[in-house]
Amino acid sequence: MSNLGPVRTRFAPSPTGFFHIGGARTALFNWLYSRHTGGKFILRIEDTDKARNSEEFLRVIYDSLKWLGIDWDEGPGMGGGHGPYRQSERNDVYRLYLEKLRTTGRTYEKDGAIWFRLNGERHTVHEKYKEDDGTEHDRIVERVKAAPVLIHDLIRGDVSRAEDRDFVLVRANGEPGFHLVNVVDDIAMRITHVIRGEDHLSNTSKHIELYNALGEPPPVFAHIPLILKADGKGKMSKRDRGALIEEYQARHFLPEAVRNFLCLLGWTPGDGREILPIADVITQFELHDVHQANARFDERKMAFFNQQYLRAMPAPAFAQKALSALHQAGLVDANASTDDAHIQSILILLQEKLPSLENIADMSTYFFTEEYPYSPNVRETLTKKGDPVARVRQLLPAFTQLASMDDATAIDAAITTTATAFAAKPSEYFAPLRYAISGLGSGPHLHDILRILGKERTLIRMDRFQ
RNA sequence: GUCCCCUUCGUCUAGCCCGGUCUAGGACACCAGGUUUUCAUCCUGGGUACUGGGGUUCGAAUCCCCAAGGGGGCGCCA
């Protein structure tokens, strides 16, 4: 194990695409480990590929991390003693380290680029190579018989891998490449633990060659399993449905729930709990407990977590979030307040029924406007059991007699009286009535809806229903 | 093609390091019953898994080997 002093982990995204679940989980594990050990978590932006970078993607990364509650101790917006934290601003650092490699004879130029020279016997070979599109073809490459390097991985144990090709340090256009900047910055920023996806395992042998060539001790490595797409083959990518953090943000998922679920993708708490506060995760999180096998992303289970968090939320916090979702859906105006007793009474009912805040508008439109939609499916189901309009009409006289909609006993009595008069069962009236006044087949308790709507609005809706 | 990693219910996993308590436990999902005037709540129950083969052992999900399958890399992307 490393004894380099306080733990320093980093997340090093490149702003070349949207921020997805896999990246978030990598950031989270680095953050968790730093918090567990009382170390520092550094955010570093790997924006060396000028052609593909965008400020828009960068903003999404910051937003998503903040949304998930992953804060960084050093990095953009935070400062720190090892900046700047954007690689596009660190060219002199790279030049410095490159010079070290040059003076020890480990670099050479070819096709305008600067390459790293592996030590070992060289020979050219024909090899088969598979393109991204699946086509295979032959090519001639120079291979090097380099000594295998041993990767001490906290999750995988010792992995031995031999590099067999020189690689590019600085591109022909003068921009330093990934392997150089990644290693140099981890050295310069005193990173002690490199926690990254398993797809980097084969880069790590290159990186260890670089550490060795620079005479620097490598950090501790921990290659975490990949997240596979929910269905189909391969790892999850930015293009898969449900892969983007910002999507869950837009859908009003609770960040605590998403973060909790992400913790469980590749790690399990020792105490067997699945839903647990982040403080408890931080206490328990150890890298050697991280799994080795890839995990498939199951959005349904995350939705379950989200629902559990929603239920457990203190009412005022729920009200705040619910109101903002309702406002976005255009059901309440900007100055609607959680102090409003009417709104409060609605929100209290909704919290226990809601699977997710993304459903709040669909499930509560009828509280806020007379223009609520009637679900055709529900109507179809109701009609099979009888004519819902007729039932509501039968109910109308008795309901008109009611003093208010506050007395549940009186309401039940009105329904029972009507049912007796028409030789029906009281239960035959509940569903049609609910449909008439809400347009839906389910929801909060009928008495509660009636009480909130009040007599006048209820009667208008019943009367209008056809 | 080549190198590396992985392999317990449909999915996430516990157990594996330190072999017997595993007729393999939990969660999500699913199915069935019950509660509920509705239901998206709640309760009860159910099915489904140690990839295959060989070995070691009195005994293997647990240790070893092989195979198969899955994943990743093999970019002047990161």
# chains A, B, ... in the order shown; residues from 1 in each chain; ligands from 1

$ interface_residues --of "chain B" --to "chain A" --cutoff "10 Å" --atoms "only C-alpha atoms (C1' of nucleotides)" --output "PDB file with C-alpha atoms (C1' of nucleotides), in the first residue's frame"
ATOM      1  C1'   G B   1      -6.592 -11.818 -34.530  1.00  0.00           C
ATOM      2  C1'   U B   2      -4.135 -10.464 -29.886  1.00  0.00           C
ATOM      3  C1'   C B   3      -3.635  -8.966 -24.753  1.00  0.00           C
ATOM      4  C1'   C B   4      -6.147  -8.106 -20.102  1.00  0.00           C
ATOM      5  C1'   C B   5     -10.423  -8.542 -16.759  1.00  0.00           C
ATOM      6  C1'   C B   6     -14.814 -11.128 -15.258  1.00  0.00           C
ATOM      7  C1'   U B   7     -18.619 -15.463 -14.531  1.00  0.00           C
ATOM      8  C1'   U B  11     -31.411  -7.692 -12.794  1.00  0.00           C
ATOM      9  C1'   C B  12     -28.276  -5.890  -8.464  1.00  0.00           C
ATOM     10  C1'   U B  13     -26.039  -8.944  -4.991  1.00  0.00           C
ATOM     11  C1'   A B  14     -24.708 -12.036   0.202  1.00  0.00           C
ATOM     12  C1'   G B  26     -31.555 -10.413   0.635  1.00  0.00           C
ATOM     13  C1'   A B  27     -33.279  -6.425  -2.757  1.00  0.00           C
ATOM     14  C1'   C B  28     -35.684  -4.857  -7.499  1.00  0.00           C
ATOM     15  C1'   A B  29     -38.861  -6.941 -11.067  1.00  0.00           C
ATOM     16  C1'   U B  36     -57.764  -0.891   0.903  1.00  0.00           C
ATOM     17  C1'   U B  37     -64.708   2.174  -1.620  1.00  0.00           C
ATOM     18  C1'   U B  38     -59.687   3.455  -5.911  1.00  0.00           C
ATOM     19  C1'   C B  39     -54.548   2.560  -6.460  1.00  0.00           C
ATOM     20  C1'   A B  40     -49.574   3.549  -7.945  1.00  0.00           C
ATOM     21  C1'   U B  41     -49.671   2.091  -0.489  1.00  0.00           C
ATOM     22  C1'   G B  70     -19.443 -12.071 -21.238  1.00  0.00           C
ATOM     23  C1'   G B  71     -16.676  -7.410 -20.926  1.00  0.00           C
ATOM     24  C1'   G B  72     -12.660  -4.105 -22.074  1.00  0.00           C
ATOM     25  C1'   G B  73      -8.268  -2.506 -24.731  1.00  0.00           C
ATOM     26  C1'   C B  74      -5.332  -2.778 -29.106  1.00  0.00           C
ATOM     27  C1'   G B  75      -6.373   5.741 -31.858  1.00  0.00           C
ATOM     28  C1'   C B  76      -1.786  11.610 -33.183  1.00  0.00           C
ATOM     29  C1'   C B  77     -10.010   9.901 -28.197  1.00  0.00           C
ATOM     30  C1'   A B  78      -9.959  10.258 -23.157  1.00  0.00           C
TER      31        A B  78
END

$ residues_around --residues "stretch 55-61 of chain B" --least-positions-apart "4" --cutoff "7 Å" --atoms "only C-alpha atoms (C1' of nucleotides)" --output "list in words"
U8, G19, G20 and C50 of chain B

$ atom_distance --atom1 "atom CA of A:Pro373" --atom2 "atom CA of A:Ile411"
25.0 Å

$ closest_residue --among "A:Ile415, A:Met236, A:Leu101, A:Val194" --to "A:Asn30" --atoms "only C-alpha atoms"
A:Val194

$ atom_distance --atom1 "atom CA of A:Leu357" --atom2 "atom CA of A:Leu254"
8.4 Å

$ select_by_dssp --residues "stretch 166-348 of chain A" --states "helix (DSSP H, G or I)" --output "PDB file with C-alpha atoms, in the first residue's frame"
ATOM      1  CA  PHE A 178      -3.757  11.673 -22.911  1.00  0.00           C
ATOM      2  CA  HIS A 179      -1.056   9.356 -21.589  1.00  0.00           C
ATOM      3  CA  LEU A 180       1.409  12.168 -21.033  1.00  0.00           C
ATOM      4  CA  VAL A 181      -0.943  14.650 -19.433  1.00  0.00           C
ATOM      5  CA  ASN A 182      -2.730  12.088 -17.340  1.00  0.00           C
ATOM      6  CA  VAL A 183       0.447  10.764 -15.759  1.00  0.00           C
ATOM      7  CA  VAL A 184       2.160  14.126 -15.459  1.00  0.00           C
ATOM      8  CA  ASP A 185      -0.814  15.692 -13.739  1.00  0.00           C
ATOM      9  CA  ASP A 186      -1.258  12.786 -11.364  1.00  0.00           C
ATOM     10  CA  ILE A 187       2.394  13.279 -10.406  1.00  0.00           C
ATOM     11  CA  ALA A 188       2.216  17.067 -10.251  1.00  0.00           C
ATOM     12  CA  GLU A 198     -11.662  -1.078 -15.913  1.00  0.00           C
ATOM     13  CA  ASP A 199     -11.477   0.082 -19.508  1.00  0.00           C
ATOM     14  CA  HIS A 200      -8.312   1.889 -18.409  1.00  0.00           C
ATOM     15  CA  LEU A 201      -6.584  -1.251 -17.200  1.00  0.00           C
ATOM     16  CA  SER A 202      -4.663  -1.644 -20.432  1.00  0.00           C
ATOM     17  CA  ASN A 203      -3.609   2.014 -20.301  1.00  0.00           C
ATOM     18  CA  THR A 204      -2.221   1.507 -16.852  1.00  0.00           C
ATOM     19  CA  SER A 205       0.726  -0.519 -18.082  1.00  0.00           C
ATOM     20  CA  LYS A 206       1.616   2.379 -20.381  1.00  0.00           C
ATOM     21  CA  HIS A 207       1.273   4.747 -17.484  1.00  0.00           C
ATOM     22  CA  ILE A 208       3.489   2.686 -15.219  1.00  0.00           C
ATOM     23  CA  GLU A 209       6.132   2.705 -17.977  1.00  0.00           C
ATOM     24  CA  LEU A 210       5.915   6.491 -17.876  1.00  0.00           C
ATOM     25  CA  TYR A 211       6.175   6.693 -14.109  1.00  0.00           C
ATOM     26  CA  ASN A 212       9.227   4.463 -14.266  1.00  0.00           C
ATOM     27  CA  ALA A 213      10.803   6.495 -17.043  1.00  0.00           C
ATOM     28  CA  LEU A 214      10.241   9.670 -15.038  1.00  0.00           C
ATOM     29  CA  ILE A 245     -27.423  12.287 -15.162  1.00  0.00           C
ATOM     30  CA  GLU A 246     -29.078  15.448 -16.415  1.00  0.00           C
ATOM     31  CA  GLU A 247     -32.000  13.346 -17.611  1.00  0.00           C
ATOM     32  CA  TYR A 248     -32.770  12.256 -14.055  1.00  0.00           C
ATOM     33  CA  GLN A 249     -32.332  15.806 -12.905  1.00  0.00           C
ATOM     34  CA  ALA A 250     -34.889  16.945 -15.476  1.00  0.00           C
ATOM     35  CA  PRO A 255     -30.292  13.330  -6.169  1.00  0.00           C
ATOM     36  CA  GLU A 256     -29.848  11.486  -2.874  1.00  0.00           C
ATOM     37  CA  ALA A 257     -31.673   8.499  -4.338  1.00  0.00           C
ATOM     38  CA  VAL A 258     -29.662   8.488  -7.544  1.00  0.00           C
ATOM     39  CA  ARG A 259     -26.442   8.815  -5.598  1.00  0.00           C
ATOM     40  CA  ASN A 260     -27.422   6.032  -3.209  1.00  0.00           C
ATOM     41  CA  PHE A 261     -28.196   3.764  -6.140  1.00  0.00           C
ATOM     42  CA  LEU A 262     -24.920   4.618  -7.842  1.00  0.00           C
ATOM     43  CA  CYS A 263     -23.065   3.609  -4.677  1.00  0.00           C
ATOM     44  CA  ILE A 278     -24.399   8.869   2.471  1.00  0.00           C
ATOM     45  CA  ALA A 279     -22.613   9.391   5.785  1.00  0.00           C
ATOM     46  CA  ASP A 280     -22.914   5.661   6.450  1.00  0.00           C
ATOM     47  CA  VAL A 281     -21.622   4.863   2.978  1.00  0.00           C
ATOM     48  CA  ILE A 282     -18.618   7.080   3.602  1.00  0.00           C
ATOM     49  CA  THR A 283     -17.913   5.285   6.864  1.00  0.00           C
ATOM     50  CA  GLN A 284     -18.068   1.849   5.268  1.00  0.00           C
ATOM     51  CA  LEU A 287     -11.776   0.012  -2.189  1.00  0.00           C
ATOM     52  CA  HIS A 288     -11.032  -3.647  -1.587  1.00  0.00           C
ATOM     53  CA  ASP A 289     -14.770  -4.240  -1.202  1.00  0.00           C
ATOM     54  CA  GLU A 299     -33.424   1.883 -13.959  1.00  0.00           C
ATOM     55  CA  ARG A 300     -36.414   0.220 -12.280  1.00  0.00           C
ATOM     56  CA  LYS A 301     -34.482  -0.424  -9.128  1.00  0.00           C
ATOM     57  CA  MET A 302     -33.274   3.139  -9.121  1.00  0.00           C
ATOM     58  CA  ALA A 303     -36.884   4.274  -9.484  1.00  0.00           C
ATOM     59  CA  PHE A 304     -37.698   2.198  -6.411  1.00  0.00           C
ATOM     60  CA  PHE A 305     -34.931   3.917  -4.475  1.00  0.00           C
ATOM     61  CA  ASN A 306     -36.289   7.233  -5.637  1.00  0.00           C
ATOM     62  CA  GLN A 307     -39.746   6.351  -4.373  1.00  0.00           C
ATOM     63  CA  GLN A 308     -38.423   5.280  -1.005  1.00  0.00           C
ATOM     64  CA  TYR A 309     -36.556   8.546  -0.615  1.00  0.00           C
ATOM     65  CA  LEU A 310     -39.641  10.468  -1.659  1.00  0.00           C
ATOM     66  CA  ARG A 311     -41.742   8.795   1.009  1.00  0.00           C
ATOM     67  CA  ALA A 312     -39.157   9.331   3.684  1.00  0.00           C
ATOM     68  CA  ALA A 315     -43.016  17.200   4.401  1.00  0.00           C
ATOM     69  CA  PRO A 316     -41.564  20.716   4.043  1.00  0.00           C
ATOM     70  CA  ALA A 317     -38.702  19.491   1.856  1.00  0.00           C
ATOM     71  CA  PHE A 318     -41.110  17.495  -0.244  1.00  0.00           C
ATOM     72  CA  ALA A 319     -43.395  20.499  -0.600  1.00  0.00           C
ATOM     73  CA  GLN A 320     -40.518  22.603  -1.848  1.00  0.00           C
ATOM     74  CA  LYS A 321     -39.565  20.108  -4.573  1.00  0.00           C
ATOM     75  CA  ALA A 322     -43.147  19.280  -5.466  1.00  0.00           C
ATOM     76  CA  LEU A 323     -44.041  22.892  -5.904  1.00  0.00           C
ATOM     77  CA  SER A 324     -41.122  23.501  -8.192  1.00  0.00           C
ATOM     78  CA  ALA A 325     -42.138  20.514 -10.321  1.00  0.00           C
ATOM     79  CA  LEU A 326     -45.728  21.752 -10.423  1.00  0.00           C
ATOM     80  CA  HIS A 327     -44.528  25.176 -11.425  1.00  0.00           C
ATOM     81  CA  GLN A 328     -42.471  23.720 -14.258  1.00  0.00           C
ATOM     82  CA  ALA A 341     -52.892  25.836   3.374  1.00  0.00           C
ATOM     83  CA  HIS A 342     -54.745  24.693   0.275  1.00  0.00           C
ATOM     84  CA  ILE A 343     -51.542  23.706  -1.511  1.00  0.00           C
ATOM     85  CA  GLN A 344     -50.216  22.075   1.615  1.00  0.00           C
ATOM     86  CA  SER A 345     -53.276  19.884   1.957  1.00  0.00           C
ATOM     87  CA  ILE A 346     -52.867  18.723  -1.644  1.00  0.00           C
ATOM     88  CA  LEU A 347     -49.169  18.002  -1.296  1.00  0.00           C
ATOM     89  CA  ILE A 348     -49.660  15.962   1.852  1.00  0.00           C
TER      90      ILE A 348
END

$ atom_distance --atom1 "atom CA of A:Tyr374" --atom2 "atom CA of A:Asp362"
10.9 Å

$ residues_around --residues "stretch 71-79 of chain A" --least-positions-apart "5" --cutoff "8 Å" --atoms "only C-alpha atoms (C1' of nucleotides)" --output "list of chain:residue names"
A:Trp31, A:Lys40, A:Phe41, A:Ile42, A:Leu43, A:Arg44, A:Leu65, A:Lys66, A:Pro84, A:Tyr85, A:Arg86

$ decode --residues "stretch 330-366 of chain A" --atoms "N, CA and C atoms" --output "compact mmCIF listing (two decimals), in the first residue's frame"
# COMPACT_ATOMS: atom_id res chain seq x y z
N GLY A 330 -46.49 24.09 -15.18
CA GLY A 330 -47.45 25.15 -15.45
C GLY A 330 -48.74 25.03 -14.66
N LEU A 331 -48.73 24.26 -13.58
CA LEU A 331 -49.96 24.07 -12.82
C LEU A 331 -50.12 25.09 -11.69
N VAL A 332 -49.01 25.64 -11.24
CA VAL A 332 -49.10 26.71 -10.26
C VAL A 332 -48.21 27.86 -10.74
N ASP A 333 -48.48 29.07 -10.29
CA ASP A 333 -47.62 30.15 -10.75
C ASP A 333 -46.45 30.37 -9.80
N ALA A 334 -45.57 31.23 -10.24
CA ALA A 334 -44.27 31.38 -9.58
C ALA A 334 -44.39 31.76 -8.12
N ASN A 335 -45.45 32.51 -7.75
CA ASN A 335 -45.53 32.95 -6.37
C ASN A 335 -46.34 32.01 -5.47
N ALA A 336 -46.67 30.83 -6.00
CA ALA A 336 -47.34 29.83 -5.17
C ALA A 336 -46.40 29.47 -4.02
N SER A 337 -46.97 29.32 -2.83
CA SER A 337 -46.11 29.12 -1.66
C SER A 337 -46.47 27.84 -0.92
N THR A 338 -45.47 27.24 -0.31
CA THR A 338 -45.72 26.05 0.50
C THR A 338 -46.44 26.42 1.80
N ASP A 339 -46.54 27.72 2.07
CA ASP A 339 -47.27 28.15 3.26
C ASP A 339 -48.78 28.13 3.03
N ASP A 340 -49.15 28.13 1.78
CA ASP A 340 -50.56 28.13 1.41
C ASP A 340 -51.23 26.85 1.91
N ALA A 341 -52.26 26.99 2.74
CA ALA A 341 -52.89 25.84 3.37
C ALA A 341 -53.52 24.90 2.34
N HIS A 342 -54.11 25.49 1.31
CA HIS A 342 -54.74 24.69 0.27
C HIS A 342 -53.70 23.82 -0.44
N ILE A 343 -52.61 24.45 -0.84
CA ILE A 343 -51.54 23.71 -1.51
C ILE A 343 -50.94 22.67 -0.58
N GLN A 344 -50.76 23.03 0.65
CA GLN A 344 -50.22 22.07 1.62
C GLN A 344 -51.07 20.83 1.72
N SER A 345 -52.39 21.03 1.79
CA SER A 345 -53.28 19.88 1.96
C SER A 345 -53.21 18.96 0.74
N ILE A 346 -53.00 19.55 -0.44
CA ILE A 346 -52.87 18.72 -1.64
C ILE A 346 -51.55 17.94 -1.61
N LEU A 347 -50.48 18.63 -1.28
CA LEU A 347 -49.17 18.00 -1.30
C LEU A 347 -49.05 16.86 -0.30
N ILE A 348 -49.71 17.02 0.84
CA ILE A 348 -49.66 15.96 1.85
C ILE A 348 -50.24 14.67 1.29
N LEU A 349 -51.34 14.81 0.54
CA LEU A 349 -51.96 13.63 -0.06
C LEU A 349 -51.06 13.01 -1.13
N LEU A 350 -50.42 13.89 -1.90
CA LEU A 350 -49.64 13.39 -3.03
C LEU A 350 -48.39 12.65 -2.58
N GLN A 351 -47.76 13.12 -1.53
CA GLN A 351 -46.48 12.52 -1.15
C GLN A 351 -46.56 11.02 -0.95
N GLU A 352 -47.63 10.56 -0.32
CA GLU A 352 -47.70 9.13 -0.03
C GLU A 352 -48.13 8.30 -1.24
N LYS A 353 -48.59 8.96 -2.30
CA LYS A 353 -49.09 8.22 -3.45
C LYS A 353 -48.12 8.23 -4.63
N LEU A 354 -47.22 9.17 -4.61
CA LEU A 354 -46.39 9.44 -5.77
C LEU A 354 -45.26 8.42 -5.93
N PRO A 355 -45.14 7.78 -7.10
CA PRO A 355 -43.96 6.95 -7.33
C PRO A 355 -42.73 7.82 -7.57
N SER A 356 -42.94 8.96 -8.21
CA SER A 356 -41.82 9.84 -8.50
C SER A 356 -42.35 11.24 -8.75
N LEU A 357 -41.53 12.22 -8.50
CA LEU A 357 -41.95 13.60 -8.74
C LEU A 357 -42.24 13.85 -10.21
N GLU A 358 -41.68 13.01 -11.07
CA GLU A 358 -41.95 13.24 -12.49
C GLU A 358 -43.42 12.97 -12.83
N ASN A 359 -44.13 12.27 -11.96
CA ASN A 359 -45.54 11.97 -12.20
C ASN A 359 -46.48 12.98 -11.57
N ILE A 360 -45.92 13.93 -10.87
CA ILE A 360 -46.78 14.77 -10.02
C ILE A 360 -47.83 15.54 -10.82
N ALA A 361 -47.44 16.04 -11.98
CA ALA A 361 -48.39 16.81 -12.78
C ALA A 361 -49.54 15.92 -13.26
N ASP A 362 -49.18 14.74 -13.78
CA ASP A 362 -50.21 13.83 -14.29
C ASP A 362 -51.20 13.42 -13.20
N MET A 363 -50.71 13.34 -11.98
CA MET A 363 -51.55 12.83 -10.91
C MET A 363 -52.31 13.90 -10.15
N SER A 364 -52.05 15.15 -10.48
CA SER A 364 -52.68 16.19 -9.67
C SER A 364 -53.26 17.35 -10.46
N THR A 365 -53.29 17.23 -11.78
CA THR A 365 -53.81 18.33 -12.59
C THR A 365 -55.19 18.78 -12.12
N TYR A 366 -56.04 17.84 -11.77
CA TYR A 366 -57.42 18.15 -11.44
C TYR A 366 -57.58 19.02 -10.19
